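Contents: one structure, followed by commentary.
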Amino acid sequence: MVMIYSCKQIRKVTDVIVQPTARELYAREFENLDSLRLNTWQQAYKLAKADSLQIRLPYAEQGQYFKDRITVYSYNMYLNEGEVLNVEVENNVLGIRSFINLIKVNPDSSLTDEFHNKLGEHHAKVPIDETGIYKITIQPELNSQGMFSFQMYTSPSFGFPVFGKDNKAIQSFWGAVRGGGARSHEGIDIFAERGTPVVAAVDGMVSATGEKGLGGKQVWLRAGLFGKSLYYAHLDRILVSTGSRVAIGDTLGLVGNTGNARTTAPHLHFGIYKSGQGAIDPLPFVKKTERPDIKRVLSTSKFIKVSAAIANYRNAPEVAGIKLGEVKWNDTLSLLGYTNDWAHIELSSGDKGFVYKSLVSEL
């Protein structure tokens, strides 16, 4: 008894340092029990890492878990530095735990774990620090039964830099031709009436102000001691001084057209500079997005049949998706969920894909 208590105490101390993942904590619940089903559950996750299904955000899917079916939902997606990935899982049966993992797919096809949710959490909110391909996996715990829905979307990591404006006010983007092709646009232009407040997109310190060069009246805002530098140019007036500490939403100046913008309508040129890299695209940091809609259904079948002579299954829920193969009339498929007009399916071989919903029917 003393030995058991001592081991538990040692594990608690070790956990503070090592911080085990939700999957590791879940596996402990099966200690001294038949672990065959847990091993199958763990193996399903390992296999899901090799899935190549692709989605575009925002994305929503709903379906039904079945106790006797072990399924991992796995999707590849392209994410930009500056975005925040939001994943929300909703189960209509209370108590079902979901395991959410975000994995970076490296250029050499190796995988790097980026995020795992805490045991019992049904959501993820992950800032993206590097542009590239990521894999998201969602797996319910064993013996889960009932309807579920997923919502995945991005949100900006910074506030919008012009008060009262949104994406619609952006009329010139990163990479646009400037100077007759001599240079490219290293920021975005947000158009607004002269005198509209320009605000801090992050908490930080004003590192420089003044009027010089192409940018005219300008403010530089540093996000944290070693963070990115935010560049506000073409201001009509500067309302802060160098060294000032500001909070997100504080006014830095007013929209104008000073510098080389004298012949254009008033707007803010907004740029972001990263130490050691220079200018980077600021759009993902400030672009406002919406959550995807879900049309609720009460239940779905475990299996569906192909109701067309031939149906293609693809790697993405869109006609432009790569054709992975085809199924024929009366073939039976496992139904994993629905996303808009597409059915997420699994073949008896274990291959997964998306089939246009009108080509299949529920059993």
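Residues are named by chain letter and number: chains run A, B, ... in the order of the structure tokens, numbers start at 1 in each chain, and ligands are numbered from 1 in the order shown.
Backbone DSSP over range 37-229 of chain A yields alpha helix (DSSP H) at Arg37, Leu38, Asn39, Thr40, Trp41, Gln42, Gln43, Ala44, Tyr45, Lys46, Leu47 and Ala48 of chain A.
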Can you write out the residues you just picked, keeping all heavy atoms, as a short mmCIF file (atom, residue, chain, number, x, y, z; two decimals), in the first residue's frame?
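Dumped to result_18.cif:
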data_model
loop_
_atom_site.label_atom_id
_atom_site.label_comp_id
_atom_site.auth_asym_id
_atom_site.auth_seq_id
_atom_site.Cartn_x
_atom_site.Cartn_y
_atom_site.Cartn_z
N ARG A 37 -8.00 -3.31 -26.86
CA ARG A 37 -8.81 -2.30 -27.54
C ARG A 37 -8.10 -0.94 -27.51
O ARG A 37 -8.18 -0.17 -28.48
CB ARG A 37 -10.20 -2.21 -26.89
CG ARG A 37 -11.21 -1.42 -27.70
CD ARG A 37 -12.62 -1.81 -27.31
NE ARG A 37 -13.61 -0.84 -27.76
CZ ARG A 37 -14.06 -0.75 -29.00
NH1 ARG A 37 -13.57 -1.57 -29.93
NH2 ARG A 37 -14.95 0.14 -29.34
N LEU A 38 -7.43 -0.64 -26.42
CA LEU A 38 -6.66 0.61 -26.36
C LEU A 38 -5.55 0.60 -27.41
O LEU A 38 -5.31 1.61 -28.08
CB LEU A 38 -6.05 0.79 -24.98
CG LEU A 38 -5.10 2.00 -24.85
CD1 LEU A 38 -5.87 3.31 -25.01
CD2 LEU A 38 -4.36 1.98 -23.52
N ASN A 39 -4.89 -0.53 -27.58
CA ASN A 39 -3.84 -0.62 -28.59
C ASN A 39 -4.40 -0.38 -29.99
O ASN A 39 -3.76 0.28 -30.82
CB ASN A 39 -3.18 -1.99 -28.53
CG ASN A 39 -2.33 -2.18 -27.28
OD1 ASN A 39 -1.92 -1.20 -26.65
ND2 ASN A 39 -2.08 -3.43 -26.89
N THR A 40 -5.59 -0.89 -30.24
CA THR A 40 -6.25 -0.66 -31.53
C THR A 40 -6.55 0.82 -31.72
O THR A 40 -6.38 1.38 -32.81
CB THR A 40 -7.54 -1.48 -31.63
OG1 THR A 40 -7.25 -2.86 -31.41
CG2 THR A 40 -8.18 -1.32 -33.01
N TRP A 41 -6.99 1.46 -30.65
CA TRP A 41 -7.31 2.89 -30.66
C TRP A 41 -6.05 3.71 -30.94
O TRP A 41 -6.05 4.64 -31.74
CB TRP A 41 -7.91 3.26 -29.31
CG TRP A 41 -8.39 4.66 -29.15
CD1 TRP A 41 -9.60 5.18 -29.52
CD2 TRP A 41 -7.68 5.74 -28.53
NE1 TRP A 41 -9.68 6.51 -29.17
CE2 TRP A 41 -8.51 6.88 -28.56
CE3 TRP A 41 -6.42 5.85 -27.94
CZ2 TRP A 41 -8.12 8.11 -28.03
CZ3 TRP A 41 -6.03 7.08 -27.42
CH2 TRP A 41 -6.88 8.20 -27.48
N GLN A 42 -4.95 3.34 -30.28
CA GLN A 42 -3.69 4.04 -30.48
C GLN A 42 -3.14 3.81 -31.88
O GLN A 42 -2.59 4.73 -32.50
CB GLN A 42 -2.67 3.58 -29.42
CG GLN A 42 -3.03 4.02 -28.01
CD GLN A 42 -2.12 3.41 -26.96
OE1 GLN A 42 -1.71 2.25 -27.08
NE2 GLN A 42 -1.80 4.18 -25.93
N GLN A 43 -3.28 2.60 -32.39
CA GLN A 43 -2.80 2.30 -33.74
C GLN A 43 -3.57 3.07 -34.79
O GLN A 43 -3.02 3.52 -35.80
CB GLN A 43 -2.90 0.79 -34.00
CG GLN A 43 -2.32 0.35 -35.33
CD GLN A 43 -0.81 0.61 -35.45
OE1 GLN A 43 -0.11 0.69 -34.44
NE2 GLN A 43 -0.32 0.72 -36.67
N ALA A 44 -4.88 3.27 -34.55
CA ALA A 44 -5.70 4.03 -35.49
C ALA A 44 -5.18 5.47 -35.61
O ALA A 44 -5.19 6.05 -36.70
CB ALA A 44 -7.15 4.03 -35.03
N TYR A 45 -4.72 6.03 -34.51
CA TYR A 45 -4.16 7.38 -34.54
C TYR A 45 -2.87 7.41 -35.35
O TYR A 45 -2.64 8.33 -36.16
CB TYR A 45 -3.92 7.87 -33.12
CG TYR A 45 -3.16 9.18 -33.04
CD1 TYR A 45 -3.70 10.34 -33.57
CD2 TYR A 45 -1.89 9.23 -32.46
CE1 TYR A 45 -3.00 11.55 -33.51
CE2 TYR A 45 -1.19 10.42 -32.39
CZ TYR A 45 -1.75 11.58 -32.93
OH TYR A 45 -1.04 12.75 -32.88
N LYS A 46 -2.02 6.42 -35.16
CA LYS A 46 -0.76 6.37 -35.91
C LYS A 46 -1.03 6.27 -37.41
O LYS A 46 -0.37 6.93 -38.23
CB LYS A 46 0.08 5.18 -35.45
CG LYS A 46 0.61 5.33 -34.03
CD LYS A 46 1.43 4.12 -33.61
CE LYS A 46 1.95 4.27 -32.18
NZ LYS A 46 2.73 3.08 -31.75
N LEU A 47 -2.00 5.46 -37.80
CA LEU A 47 -2.34 5.31 -39.21
C LEU A 47 -2.93 6.60 -39.78
O LEU A 47 -2.71 6.95 -40.94
CB LEU A 47 -3.33 4.15 -39.40
CG LEU A 47 -2.78 2.75 -39.12
CD1 LEU A 47 -3.91 1.72 -39.19
CD2 LEU A 47 -1.67 2.40 -40.11
N ALA A 48 -3.70 7.32 -38.93
CA ALA A 48 -4.34 8.57 -39.39
C ALA A 48 -3.31 9.62 -39.76
O ALA A 48 -3.59 10.51 -40.57
CB ALA A 48 -5.28 9.09 -38.32
#
Would you write out, as JSON lines, a table of all residues in range 145-179 of chain A that have an atom no more than 7 Å from an atom of range 190-209 of chain A, listing for each the closest atom pair and the distance in Å to one decimal, considering only C-alpha atoms and ordering rows by chain and rising residue number?
{"residue": "A:Phe158", "atom": "CA", "partner": "A:Ala201", "partner_atom": "CA", "distance": 5.3}
{"residue": "A:Gly159", "atom": "CA", "partner": "A:Ala201", "partner_atom": "CA", "distance": 4.3}
{"residue": "A:Phe160", "atom": "CA", "partner": "A:Ala201", "partner_atom": "CA", "distance": 5.8}
{"residue": "A:Pro161", "atom": "CA", "partner": "A:Val199", "partner_atom": "CA", "distance": 5.1}
{"residue": "A:Val162", "atom": "CA", "partner": "A:Val198", "partner_atom": "CA", "distance": 4.6}
{"residue": "A:Phe163", "atom": "CA", "partner": "A:Pro197", "partner_atom": "CA", "distance": 5.6}
{"residue": "A:Ala169", "atom": "CA", "partner": "A:Ile190", "partner_atom": "CA", "distance": 5.2}
{"residue": "A:Ile170", "atom": "CA", "partner": "A:Ile190", "partner_atom": "CA", "distance": 4.4}
{"residue": "A:Gln171", "atom": "CA", "partner": "A:Ile190", "partner_atom": "CA", "distance": 6.4}
Study note, to complete from the structure: As a check of understanding: the span from CA of Leu235 in chain A to CA of Leu268 in chain A is 6.8 Å
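Comparing the minimum interatomic distances between Asp341 in chain A and each of A:Pro284, A:Gly353, A:Pro266, A:Pro317, counting only C-alpha atoms, we find that A:Pro317 sits nearest.
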Point to revise | Sel. of strand (DSSP E or B) residues, range 16-235 of chain A, as a ChimeraX atom specification | key: /A:54,59-65,73-79,83-91,98-105,111-116,123-127,132-140,146-156,162,170-172,177-178,183-184,188-191,197-199,204-212,216-222,229-235
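Of the listed residues (A:Leu102, A:Val327, A:Leu79, A:Ala309), A:Leu79 comes nearest to Gly132 in chain A; the distances count only C-alpha atoms.
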